[in-house]
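Participant: mmCIF, C-alpha atoms, file entry08.cif:
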data_entry
#
loop_
_atom_site.label_atom_id
_atom_site.label_comp_id
_atom_site.auth_asym_id
_atom_site.auth_seq_id
_atom_site.Cartn_x
_atom_site.Cartn_y
_atom_site.Cartn_z
CA MET Y 22 96.00 119.15 107.71
CA ILE Y 23 96.87 115.55 108.59
CA LYS Y 24 99.45 113.98 106.29
CA ARG Y 25 98.05 110.96 104.48
CA SER Y 26 99.45 107.66 105.75
CA VAL Y 27 99.01 103.92 105.27
CA ILE Y 28 98.25 101.77 108.30
CA PHE Y 29 98.49 97.96 108.31
CA PHE Y 30 96.65 95.92 110.93
CA ASP Y 31 97.14 92.30 111.91
CA ILE Y 32 93.86 90.51 112.67
CA ASP Y 33 94.08 87.97 115.50
CA GLY Y 34 95.02 89.62 118.78
CA THR Y 35 95.11 93.03 117.11
CA LEU Y 36 91.88 93.92 115.29
CA LEU Y 37 90.03 91.00 116.87
CA ASN Y 38 90.15 90.19 120.56
CA HIS Y 39 90.69 86.70 121.94
CA GLU Y 40 87.00 85.90 121.44
CA LYS Y 41 87.47 86.86 117.76
CA GLN Y 42 85.28 89.92 118.25
CA LEU Y 43 85.92 93.38 116.82
CA PRO Y 44 85.91 96.01 119.59
CA ILE Y 45 83.59 98.95 118.89
CA SER Y 46 86.46 101.39 119.53
CA THR Y 47 88.55 99.65 116.86
CA LYS Y 48 85.79 99.78 114.25
CA GLU Y 49 85.14 103.46 114.92
CA ALA Y 50 88.87 104.21 114.76
CA ILE Y 51 89.21 102.48 111.38
CA PHE Y 52 86.39 104.51 109.86
CA THR Y 53 87.81 107.72 111.32
CA LEU Y 54 91.16 106.96 109.65
CA LYS Y 55 89.41 106.35 106.33
CA GLU Y 56 87.38 109.58 106.66
CA GLN Y 57 90.64 111.46 107.21
CA GLY Y 58 91.93 110.10 103.89
CA HIS Y 59 94.35 107.49 105.21
CA GLU Y 60 94.85 104.14 103.47
CA VAL Y 61 93.85 101.30 105.81
CA ALA Y 62 94.99 97.75 105.07
CA ILE Y 63 95.13 94.34 106.71
CA ALA Y 64 98.30 92.25 107.10
CA THR Y 65 97.56 88.72 108.28
CA GLY Y 66 98.61 85.11 108.17
CA ARG Y 67 95.02 84.19 107.38
CA ALA Y 68 93.75 83.13 103.98
CA PRO Y 69 91.60 85.69 102.10
CA PHE Y 70 88.48 83.56 102.61
CA MET Y 71 89.07 83.56 106.38
CA PHE Y 72 88.48 87.30 106.80
CA GLU Y 73 86.10 88.27 104.01
CA ASP Y 74 83.36 89.21 106.50
CA LEU Y 75 85.79 91.44 108.41
CA ARG Y 76 86.91 93.17 105.21
CA ASN Y 77 83.30 93.82 104.28
CA GLU Y 78 82.45 95.13 107.74
CA LEU Y 79 85.40 97.53 107.74
CA GLU Y 80 85.19 98.29 104.00
CA ILE Y 81 88.87 97.41 103.53
CA HIS Y 82 89.88 96.33 100.03
CA THR Y 83 93.68 96.21 100.39
CA PHE Y 84 95.37 93.40 102.25
CA VAL Y 85 98.46 91.26 102.73
CA SER Y 86 97.36 87.68 103.36
CA TYR Y 87 99.16 84.38 103.90
CA ASN Y 88 101.99 86.24 105.67
CA GLY Y 89 102.87 88.16 102.51
CA GLN Y 90 102.31 85.53 99.85
CA TYR Y 91 99.02 86.88 98.41
CA VAL Y 92 98.70 90.65 98.21
CA VAL Y 93 95.62 92.55 97.03
CA LEU Y 94 95.47 96.29 96.35
CA ASN Y 95 92.01 97.86 96.00
CA GLY Y 96 90.45 94.50 95.17
CA GLU Y 97 93.04 93.50 92.55
CA VAL Y 98 95.84 90.94 93.02
CA LEU Y 99 99.10 92.87 93.14
CA TYR Y 100 101.53 90.08 94.03
CA SER Y 101 101.56 86.35 94.68
CA ASN Y 102 104.35 84.03 95.81
CA PRO Y 103 103.33 80.36 95.67
CA LEU Y 104 104.97 77.45 97.45
CA ASN Y 105 107.35 75.12 95.60
CA ILE Y 106 105.00 72.22 94.88
CA SER Y 107 107.63 69.49 94.46
CA SER Y 108 109.16 70.42 97.82
CA LEU Y 109 105.71 70.52 99.39
CA GLU Y 110 104.96 67.06 98.00
CA ALA Y 111 108.16 65.73 99.60
CA LEU Y 112 107.32 67.45 102.88
CA THR Y 113 103.83 65.97 102.88
CA ALA Y 114 105.18 62.45 102.40
CA PHE Y 115 107.63 62.99 105.28
CA ALA Y 116 104.86 64.44 107.46
CA LEU Y 117 102.58 61.47 106.79
CA HIS Y 118 105.38 59.17 107.94
CA ASN Y 119 105.50 61.17 111.20
CA ASN Y 120 101.70 61.21 111.57
CA HIS Y 121 101.72 64.99 111.13
CA PRO Y 122 98.79 66.18 108.99
CA VAL Y 123 99.09 68.93 106.38
CA VAL Y 124 96.46 71.36 105.12
CA PHE Y 125 96.89 72.83 101.61
CA MET Y 126 95.71 76.41 101.05
CA ASP Y 127 95.14 78.58 97.99
CA HIS Y 128 93.27 81.90 97.70
CA GLU Y 129 89.88 80.19 97.59
CA ASP Y 130 89.91 77.14 99.86
CA MET Y 131 91.83 74.75 102.10
CA LYS Y 132 92.00 70.96 102.04
CA ALA Y 133 93.52 68.42 104.44
CA ASN Y 134 95.62 65.42 103.42
CA VAL Y 135 93.95 63.25 106.09
CA PRO Y 136 90.21 62.72 106.66
CA GLU Y 137 90.37 64.03 110.24
CA HIS Y 138 92.82 64.71 113.05
CA PRO Y 139 92.38 66.24 116.53
CA TYR Y 140 95.22 68.76 115.98
CA ILE Y 141 93.45 70.16 112.92
CA LYS Y 142 90.12 70.37 114.69
CA THR Y 143 91.47 72.02 117.84
CA SER Y 144 93.64 74.65 116.14
CA ILE Y 145 91.27 75.65 113.33
CA GLU Y 146 88.40 75.97 115.82
CA THR Y 147 90.33 78.74 117.63
CA LEU Y 148 89.99 80.92 114.50
CA LYS Y 149 86.18 80.82 114.88
CA ILE Y 150 85.59 80.70 111.13
CA SER Y 151 82.67 79.06 109.34
CA ARG Y 152 84.83 77.00 106.97
CA PHE Y 153 86.73 73.86 107.94
CA PRO Y 154 89.27 72.00 105.76
CA THR Y 155 87.72 68.98 104.05
CA TYR Y 156 89.63 65.95 102.80
CA ASP Y 157 91.48 66.14 99.49
CA PRO Y 158 95.02 64.70 99.63
CA HIS Y 159 95.72 65.78 96.03
CA TYR Y 160 94.57 69.40 96.30
CA TYR Y 161 98.15 70.62 95.77
CA LYS Y 162 98.27 69.22 92.24
CA GLY Y 163 97.80 71.64 89.36
CA ARG Y 164 97.19 74.77 91.42
CA GLU Y 165 99.14 77.50 93.15
CA LEU Y 166 99.26 77.23 96.94
CA TYR Y 167 100.37 80.21 98.99
CA GLN Y 168 100.59 78.61 102.40
CA SER Y 169 100.16 75.24 104.05
CA LEU Y 170 99.67 74.23 107.65
CA LEU Y 171 101.75 71.56 109.34
CA PHE Y 172 100.26 70.08 112.50
CA CYS Y 173 102.81 69.03 115.09
CA LEU Y 174 103.80 69.78 118.67
CA GLU Y 175 106.14 72.63 119.59
CA GLY Y 176 109.72 71.74 118.70
CA GLU Y 177 108.77 69.01 116.23
CA GLU Y 178 108.95 71.49 113.34
CA ARG Y 179 112.76 71.65 113.73
CA GLN Y 180 113.23 68.45 111.71
CA TYR Y 181 111.25 70.06 108.88
CA GLU Y 182 113.27 73.28 109.08
CA GLN Y 183 116.47 71.27 108.62
CA LYS Y 184 115.13 69.05 105.85
CA PHE Y 185 113.09 71.49 103.73
CA GLN Y 186 115.12 74.61 102.95
CA ASP Y 187 112.57 76.07 100.52
CA PHE Y 188 110.22 76.96 103.36
CA ASP Y 189 109.95 79.00 106.52
CA PHE Y 190 107.94 77.60 109.42
CA VAL Y 191 106.07 80.03 111.70
CA ARG Y 192 104.18 78.70 114.70
CA TRP Y 193 100.74 80.17 115.29
CA HIS Y 194 99.21 77.54 117.60
CA PRO Y 195 100.61 74.90 120.01
CA PHE Y 196 99.50 72.28 117.46
CA SER Y 197 100.26 74.05 114.17
CA VAL Y 198 102.82 76.00 112.12
CA ASP Y 199 102.44 77.98 108.90
CA ILE Y 200 104.51 76.79 105.96
CA VAL Y 201 105.47 79.74 103.73
CA PRO Y 202 108.06 80.26 100.97
CA LYS Y 203 111.57 80.93 102.31
CA GLY Y 204 112.00 84.60 103.08
CA GLY Y 205 108.31 85.35 102.67
CA SER Y 206 106.82 87.68 105.29
CA LYS Y 207 104.19 90.32 105.88
CA ALA Y 208 106.98 92.88 105.52
CA LYS Y 209 107.66 91.76 101.93
CA GLY Y 210 103.97 92.02 101.06
CA ILE Y 211 103.74 95.46 102.61
CA GLU Y 212 106.72 96.59 100.51
CA ARG Y 213 104.76 95.81 97.35
CA ILE Y 214 101.82 97.95 98.45
CA VAL Y 215 103.79 100.97 99.68
CA GLU Y 216 105.94 100.96 96.53
CA LYS Y 217 102.80 100.98 94.37
CA LEU Y 218 101.08 103.70 96.40
CA GLY Y 219 104.23 105.78 96.91
CA PHE Y 220 104.16 106.16 100.69
CA GLN Y 221 107.40 107.30 102.33
CA GLN Y 222 108.73 105.48 105.42
CA GLU Y 223 107.47 108.11 107.85
CA GLN Y 224 103.95 107.66 106.42
CA GLN Y 225 103.87 103.91 107.17
CA TYR Y 226 102.33 102.36 110.30
CA ALA Y 227 101.77 98.76 111.39
CA PHE Y 228 100.04 97.12 114.35
CA GLY Y 229 100.62 93.49 115.38
CA ASP Y 230 101.05 91.05 118.23
CA GLY Y 231 102.28 87.69 116.92
CA LEU Y 232 105.53 86.02 115.94
CA ASN Y 233 104.53 86.34 112.28
CA ASP Y 234 104.50 90.13 112.83
CA LEU Y 235 108.18 90.35 113.82
CA GLU Y 236 109.52 91.32 110.37
CA MET Y 237 106.64 93.72 109.79
CA LEU Y 238 107.15 95.51 113.11
CA ALA Y 239 110.93 95.62 112.64
CA THR Y 240 110.63 96.99 109.07
CA VAL Y 241 107.76 99.48 109.17
CA LYS Y 242 109.01 102.78 110.60
CA ASN Y 243 106.05 103.50 112.89
CA SER Y 244 105.36 100.05 114.30
CA VAL Y 245 103.08 99.36 117.25
CA ALA Y 246 103.03 96.13 119.27
CA MET Y 247 99.86 95.26 121.14
CA GLY Y 248 100.04 95.02 124.93
CA ASN Y 249 99.11 91.33 124.64
CA ALA Y 250 102.14 90.60 122.42
CA GLU Y 251 105.06 88.45 123.55
CA ASP Y 252 108.18 90.27 124.74
CA THR Y 253 110.13 89.39 121.58
CA VAL Y 254 107.41 91.03 119.49
CA LYS Y 255 107.32 94.12 121.70
CA LYS Y 256 111.09 94.51 121.35
CA ALA Y 257 110.73 94.62 117.55
CA ALA Y 258 108.28 97.53 117.65
CA LYS Y 259 108.82 101.27 118.05
CA TYR Y 260 105.76 101.67 120.26
CA ILE Y 261 103.77 99.46 122.65
CA THR Y 262 100.08 100.08 123.11
CA LYS Y 263 97.50 98.56 125.46
CA SER Y 264 96.16 95.05 124.94
CA VAL Y 265 93.43 94.27 122.45
CA GLU Y 266 91.05 93.82 125.38
CA GLU Y 267 91.83 97.39 126.53
CA ASN Y 268 91.06 99.16 123.24
CA GLY Y 269 94.69 98.80 122.20
CA VAL Y 270 94.22 99.83 118.56
CA PHE Y 271 92.39 103.04 119.48
CA HIS Y 272 94.95 103.86 122.18
CA GLY Y 273 97.87 103.11 119.84
CA LEU Y 274 96.49 105.33 117.08
CA GLN Y 275 96.21 108.16 119.59
CA MET Y 276 99.75 107.45 120.79
CA VAL Y 277 101.24 107.85 117.30
CA GLY Y 278 99.16 110.93 116.55
CA LEU Y 279 96.80 109.52 113.93
CA LEU Y 280 93.70 110.09 116.06
#
Please go through the file and, once you have read it, give me the structure as structure tokens.
Facilitator:
Amino acid sequence: MIKRSVIFFDIDGTLLNHEKQLPISTKEAIFTLKEQGHEVAIATGRAPFMFEDLRNELEIHTFVSYNGQYVVLNGEVLYSNPLNISSLEALTAFALHNNHPVVFMDHEDMKANVPEHPYIKTSIETLKISRFPTYDPHYYKGRELYQSLLFCLEGEERQYEQKFQDFDFVRWHPFSVDIVPKGGSKAKGIERIVEKLGFQQEQQYAFGDGLNDLEMLATVKNSVAMGNAEDTVKKAAKYITKSVEENGVFHGLQMVGLL
């Protein structure tokens, strides 16, 4: 009998290929895991509304979103860690001075503090989602935000890292970085789920490919980096599978003995 485990999957570059498509082998593997009694979850930097269709397609109701800041277990919010709004307000004013747009994000929507900007358009389009941030410069007021996006060129985020100590900045696109609470990560969100469900370390698995997966892959005992991951990400993982384009999830699950 297979011992019940929990497996966390990143989305972009892991579950979805670079065309944002779900490989047939990945979908079949997910349902096989579920049929075997395993707990299957998503761990992503995306907002919940950015992968609702994927959750429905895979029938997954447990997820770590916003890089650990908004965690849902079986459809119910288990943990949330909002941004410091006064610090975000100061950051936004500084960013406006630098002509760096900001997008505010809660669990339901996202709004930009400028009417339009090419960096926003170019980076959000790569996610291939139906929703686009509309203009509302005051969206941060009176609500909890779990992540924001800062749009700037590589290296320009360093001035923000030095000036705003309440936040971590994680680049996900040449034009954009995630703004998350200091110390927040997918690994922290995963901890909340495994504590609640009672899984031991040897029963925990995680698949990822991006820089925002580093803590997750370094923390989860049975971690698998995709073949398309950067070298620093691969070094953080226990195993390295094939790329997402080469049925990497299916191959990785076979490698670790879950399939």
Participant: So which residues touch Val265 of chain Y within 7 Å, counting all atoms listed in the file, skipping near sequence neighbours fewer than 4 positions away, as a PDB file with C-alpha atoms, keeping the file's coordinate frame?
Facilitator:
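Output file selection-v5.pdb follows:
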ATOM      1  CA  GLY Y  34      95.020  89.620 118.780  1.00  0.00           C
ATOM      2  CA  THR Y  35      95.110  93.030 117.110  1.00  0.00           C
ATOM      3  CA  ASN Y  38      90.150  90.190 120.560  1.00  0.00           C
ATOM      4  CA  MET Y 247      99.860  95.260 121.140  1.00  0.00           C
ATOM      5  CA  ASN Y 249      99.110  91.330 124.640  1.00  0.00           C
ATOM      6  CA  GLY Y 269      94.690  98.800 122.200  1.00  0.00           C
ATOM      7  CA  VAL Y 270      94.220  99.830 118.560  1.00  0.00           C
TER       8      VAL Y 270
END
Participant: Would you please work out which residue, of Y:Val27, Y:Leu218, Y:Leu148, Y:Ile200, is nearest to Thr113 of chain Y when using all atoms listed in the file?
Facilitator: Y:Ile200
Participant: Go through Y:Arg213, Y:His138, Y:His159, Y:Lys263 and flag the residue nearest His121 of chain Y, using only C-alpha atoms for the distances.
Facilitator: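 Using only C-alpha atoms, the shortest distance to His121 of chain Y belongs to Y:His138.
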Participant: So which residues get picked by the PyMOL selection byres ((chain Y and resi 214) around 10) here, written as a compact mmCIF listing (two decimals) with C-alpha atoms, in the coordinates of the input?
Facilitator:
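Heads up, here's the output in expr.txt:
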# COMPACT_ATOMS: atom_id res chain seq x y z
CA VAL Y 27 99.01 103.92 105.27
CA ALA Y 62 94.99 97.75 105.07
CA THR Y 83 93.68 96.21 100.39
CA PHE Y 84 95.37 93.40 102.25
CA VAL Y 85 98.46 91.26 102.73
CA VAL Y 92 98.70 90.65 98.21
CA VAL Y 93 95.62 92.55 97.03
CA LEU Y 94 95.47 96.29 96.35
CA LEU Y 99 99.10 92.87 93.14
CA TYR Y 100 101.53 90.08 94.03
CA LYS Y 209 107.66 91.76 101.93
CA GLY Y 210 103.97 92.02 101.06
CA ILE Y 211 103.74 95.46 102.61
CA GLU Y 212 106.72 96.59 100.51
CA ARG Y 213 104.76 95.81 97.35
CA VAL Y 215 103.79 100.97 99.68
CA GLU Y 216 105.94 100.96 96.53
CA LYS Y 217 102.80 100.98 94.37
CA LEU Y 218 101.08 103.70 96.40
CA GLY Y 219 104.23 105.78 96.91
CA PHE Y 220 104.16 106.16 100.69
Participant: If you apply the PyMOL selection byres ((chain Y and resi 172) around 6) to this file, what residues do you get, as a PyMOL selection string?
Facilitator: chain Y and resi 121-122+171+173+196-197
Participant: Go through Y:Ala227, Y:Ile45, Y:Leu75, Y:Leu170 and flag the residue nearest Asn268 of chain Y, using only C-alpha atoms for the distances.
Facilitator: Y:Ile45
Participant: Tell me which of Y:Thr240, Y:Thr143, Y:Ser107, Y:Ser26 sits closest to Gln221 of chain Y, counting only C-alpha atoms.
Facilitator: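 Nearest candidate to Gln221 of chain Y out of Y:Thr240, Y:Thr143, Y:Ser107, Y:Ser26: Y:Ser26.
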Participant: When you draw a straight line from atom CA of Asp33 of chain Y to atom CA of Glu178 of chain Y, how long is it in Å?
Facilitator: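 If I compute the distance from atom CA of Asp33 of chain Y to atom CA of Glu178 of chain Y, I get 22.3 Å.
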